[in-house]
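Undergrad: Dropping a structure here in structure tokens format, bear with me for questions.
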Amino acid sequence: MVDNLMNSWKRSVCNVVRYEHNGNADINNMSDECLVINYLTYIRKCIPYPVTVNESTEIKNMISDEIRGPYNKIKECLENGEGVAPYLSNSASKLAFDGLFLDWNILHLHLGNLSTGSNHAERTENTLHLLVTTNNAYFIKISHHGRGAYTDLEEFKIIYNNWPNLLSTLDLTLDNEIDRHTARDNGISELVAFQDYAGNSHTATINSSLGYSTAKTSNYDLELLDLKIPRLIKGIVEKAKEKSQNSDLFSKGQFYYYPQETCFKFGIIDSQENLRPLFEFSSTDLWKNIFSNSTEIKIIVFL
């Protein structure tokens with residue numbers, strides 16, 4: 001039963017993403033499995049749940065009047081659980097490869113203003129770099145666009161200076177500096193060598209590094225897809241069946257995903273124009289449960 005439910009849930013996600021990005025060759029050429037993993041990575045980047053914001057000592061001197069408003073708005077969105085989807089790169093929702101995030105959980109967010117009714121903040125040269133864990137966002141520095149911005153060793157110096165427990169430092173000295181772009185292009189999570197403010201050398205990995213595979217997808221999100229999500233989906237369906245007066249219909253049902261309504265519906269097609277829903281639940285509740293270990297998923301049963 002779980003396999004059938006998961007396959008139906010995956011198809012519902014794939015159908016929506018392919019429809020929304022009709023004509024995008026990269027998405028069209030992805031396997032269903034790869035597409036769902038990358039979509040989970042995108043949702044995780046949106047941070048659709050409340051987190052505690054921690055600011056580095058260094059970043060407090062980088063906030064100009066020009067970016068102060070958007071900077072404070074991003075803080076507010078993170079703390080109240082609104083997420084940061086409008087401030088992500090335009091390519092994020094297209095499931096583009098983001099080596100910096102997959103490698104080190106470090107996001108870059110645009111610091112432009114968000115107009116009323118718009119889903120995207122103004123694109124800016126200045127970007128906010130932050131490291132994301134399950135319940136925390138660590139604001140590292142204000143950076144910029146371009147190749148050097150995504151392999152900046154100063155980020156590790158700042159992380160080590162403010163939150164050394166976020167790094168696993170190794171008693172190891174690398175012979176040569178590794179080309180991080182080359183490593184990422186080949187799907188390799190590499191060690192990073194940097195110097196702290198005292199001039200001491202360190203070789204580090206991020207604690208609980210999420211890493212990515214040679215397919216340039218997140219191993220972390222693949223594990224969620226293989227282990228955690230099937231348990232959640234099975235539990236949701238079992239609870240819905242307990243509440244339903246027509247649980248015998250569930251074997252004929254399938255999932256449908258409605259991102260604009262932020263919900264998953266499970267139902268039966270009576271015709272191509274008519275979906276008879278058996279139950280629904282909030283996709284936001286599901287994402288929170290997947291990524292932040294929230295425990296409540298409200299299920300509405302119709303039949």
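A note on labels: chains of the structure tokens are A, B, ... as shown, every chain counts residues from 1, and ligands are counted from 1 in their shown order.
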At a cut-off of 9 Å, using only C-alpha atoms, what residues contact segment 73-80 of chain A? Leave out same-chain residues fewer than 3 positions from it and give the result as a PyMOL selection string.
TA: chain A and resi 47-53+68-70+83-84+87+109+111+137
Undergrad: Name all residues at most 8 Å from Ser56 of chain A (count only C-alpha atoms; drop same-chain ones fewer than 5 positions away) and give them as a list in words.
TA: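 Near Ser56 of chain A, the qualifying residues are Tyr138, Phe139, Ile140, Lys141, Ile158, Ile159 and Asn162 of chain A.
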Undergrad: With all heavy atoms retained, export the selected residues as a JSON list (two decimals), in the first residue's frame.
TA:
[["chain", "number", "residue", "atom", "x", "y", "z"],
["A", 138, "TYR", "N", 21.60, 31.18, 10.27],
["A", 138, "TYR", "CA", 22.78, 31.91, 10.71],
["A", 138, "TYR", "C", 23.18, 32.90, 9.61],
["A", 138, "TYR", "O", 23.66, 32.50, 8.55],
["A", 138, "TYR", "CB", 23.93, 30.94, 11.00],
["A", 138, "TYR", "CG", 23.61, 29.96, 12.11],
["A", 138, "TYR", "CD1", 23.01, 28.73, 11.84],
["A", 138, "TYR", "CD2", 23.90, 30.27, 13.44],
["A", 138, "TYR", "CE1", 22.72, 27.83, 12.86],
["A", 138, "TYR", "CE2", 23.60, 29.39, 14.47],
["A", 138, "TYR", "CZ", 23.01, 28.16, 14.16],
["A", 138, "TYR", "OH", 22.71, 27.28, 15.18],
["A", 139, "PHE", "N", 22.97, 34.20, 9.88],
["A", 139, "PHE", "CA", 23.31, 35.24, 8.91],
["A", 139, "PHE", "C", 24.82, 35.45, 8.94],
["A", 139, "PHE", "O", 25.38, 35.92, 9.94],
["A", 139, "PHE", "CB", 22.60, 36.55, 9.25],
["A", 139, "PHE", "CG", 21.12, 36.56, 8.92],
["A", 139, "PHE", "CD1", 20.43, 35.39, 8.69],
["A", 139, "PHE", "CD2", 20.43, 37.76, 8.84],
["A", 139, "PHE", "CE1", 19.06, 35.40, 8.38],
["A", 139, "PHE", "CE2", 19.08, 37.79, 8.53],
["A", 139, "PHE", "CZ", 18.39, 36.60, 8.30],
["A", 140, "ILE", "N", 25.49, 35.15, 7.83],
["A", 140, "ILE", "CA", 26.95, 35.18, 7.79],
["A", 140, "ILE", "C", 27.48, 36.53, 7.34],
["A", 140, "ILE", "O", 28.20, 37.21, 8.08],
["A", 140, "ILE", "CB", 27.47, 34.08, 6.82],
["A", 140, "ILE", "CG1", 26.94, 32.72, 7.24],
["A", 140, "ILE", "CG2", 29.01, 34.09, 6.80],
["A", 140, "ILE", "CD1", 27.19, 31.63, 6.20],
["A", 141, "LYS", "N", 27.12, 36.95, 6.12],
["A", 141, "LYS", "CA", 27.66, 38.19, 5.58],
["A", 141, "LYS", "C", 26.79, 38.68, 4.42],
["A", 141, "LYS", "O", 25.94, 37.94, 3.91],
["A", 141, "LYS", "CB", 29.09, 37.99, 5.08],
["A", 141, "LYS", "CG", 29.21, 37.02, 3.90],
["A", 141, "LYS", "CD", 30.65, 36.94, 3.37],
["A", 141, "LYS", "CE", 31.09, 38.25, 2.76],
["A", 141, "LYS", "NZ", 32.38, 38.15, 2.08],
["A", 158, "ILE", "N", 34.15, 33.53, 9.20],
["A", 158, "ILE", "CA", 33.09, 34.15, 9.99],
["A", 158, "ILE", "C", 32.30, 33.10, 10.78],
["A", 158, "ILE", "O", 31.99, 33.29, 11.96],
["A", 158, "ILE", "CB", 32.15, 34.97, 9.08],
["A", 158, "ILE", "CG1", 32.90, 36.17, 8.50],
["A", 158, "ILE", "CG2", 30.91, 35.43, 9.85],
["A", 158, "ILE", "CD1", 32.10, 36.94, 7.46],
["A", 159, "ILE", "N", 31.98, 31.99, 10.12],
["A", 159, "ILE", "CA", 31.27, 30.91, 10.82],
["A", 159, "ILE", "C", 32.09, 30.42, 12.00],
["A", 159, "ILE", "O", 31.56, 30.25, 13.12],
["A", 159, "ILE", "CB", 30.97, 29.75, 9.85],
["A", 159, "ILE", "CG1", 29.96, 30.17, 8.79],
["A", 159, "ILE", "CG2", 30.43, 28.53, 10.62],
["A", 159, "ILE", "CD1", 29.80, 29.18, 7.65],
["A", 162, "ASN", "N", 32.10, 32.94, 14.92],
["A", 162, "ASN", "CA", 30.83, 33.15, 15.63],
["A", 162, "ASN", "C", 30.19, 31.87, 16.15],
["A", 162, "ASN", "O", 29.64, 31.86, 17.25],
["A", 162, "ASN", "CB", 29.83, 33.86, 14.69],
["A", 162, "ASN", "CG", 30.19, 35.30, 14.41],
["A", 162, "ASN", "OD1", 29.75, 36.20, 15.12],
["A", 162, "ASN", "ND2", 30.98, 35.51, 13.37]]
Undergrad: Nearest to Asp103 of chain A among A:Tyr71, A:Tyr150, A:Phe194, A:Tyr19, with distances taken over only C-alpha atoms: which residue is it?
TA: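 The shortest atom-to-atom distance to Asp103 of chain A comes from A:Tyr150.
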Undergrad: Could you pull out the strand (DSSP E) residues of segment 103-177 of chain A from DSSP and send them as a PyMOL selection string?
TA: chain A and resi 106-110+126-132+136-144+167-170
Undergrad: Which residue out of A:His120, A:Trp163, A:Leu100, A:Ser12 has the minimum interatomic distance to Arg147 of chain A when only C-alpha atoms are used?
TA: A:Leu100
Undergrad: Find the residues around segment 250-257 of chain A up to 6 Å (only C-alpha atoms counted), leave out those fewer than 6 positions away in its own chain, and share them as a list in words.
TA: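 Here the qualifying residues turn out to be Ser8, Trp9, Ser12, Phe264, Lys265, Phe266, Gly267 and Ile268 of chain A.
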Undergrad: Go through A:Cys14, A:Lys239, A:Ser89, A:Ala121 and flag the residue nearest Asn29 of chain A, using only C-alpha atoms for the distances.
TA: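 Result for the nearest residue to Asn29 of chain A: A:Cys14.
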Undergrad: Using only C-alpha atoms for the distances, tell me which of A:Ala193, A:Glu296, A:Asn90, A:Asn15 is nearest to Asn28 of chain A.
TA: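 Closest to Asn28 of chain A, using only C-alpha atoms: A:Asn15.
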Undergrad: Residues within 10 Å of Val16 of chain A, please, as a list of chain:residue names. Count only C-alpha atoms; anything in the same chain fewer than 5 positions from it doesn't count.
TA: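 The neighbour list is A:Arg11, A:His21, A:Asn22, A:Tyr256, A:Tyr257, A:Tyr258, A:Pro259.
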Undergrad: Could you check which of A:Ile299, A:Ile290, A:Ala96, A:Leu225 is closest to Met30 of chain A, using only C-alpha atoms?
TA: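 For Met30 of chain A, the nearest of the candidates is A:Ala96.
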Undergrad: Residues at most 9 Å from Lys94 of chain A, counting only C-alpha atoms, excluding those fewer than 4 positions away in the same chain, as a PyMOL selection string?
TA: chain A and resi 17+21+24+26-27+39+42+90
Undergrad: So that I have them on file, write out the residues from the current selection with C-alpha atoms, as a compact mmCIF listing (two decimals), in the first residue's frame.
TA:
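Printed below is again_15.txt as written:
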# COMPACT_ATOMS: atom_id res chain seq x y z
CA VAL A 17 6.11 20.97 -11.64
CA HIS A 21 7.51 24.77 -16.22
CA ASN A 24 11.81 23.72 -19.60
CA ASP A 26 16.00 20.44 -17.91
CA ILE A 27 12.81 19.63 -16.00
CA TYR A 39 11.57 19.89 -5.67
CA TYR A 42 13.61 23.83 -3.44
CA ASN A 90 14.85 33.27 -10.09
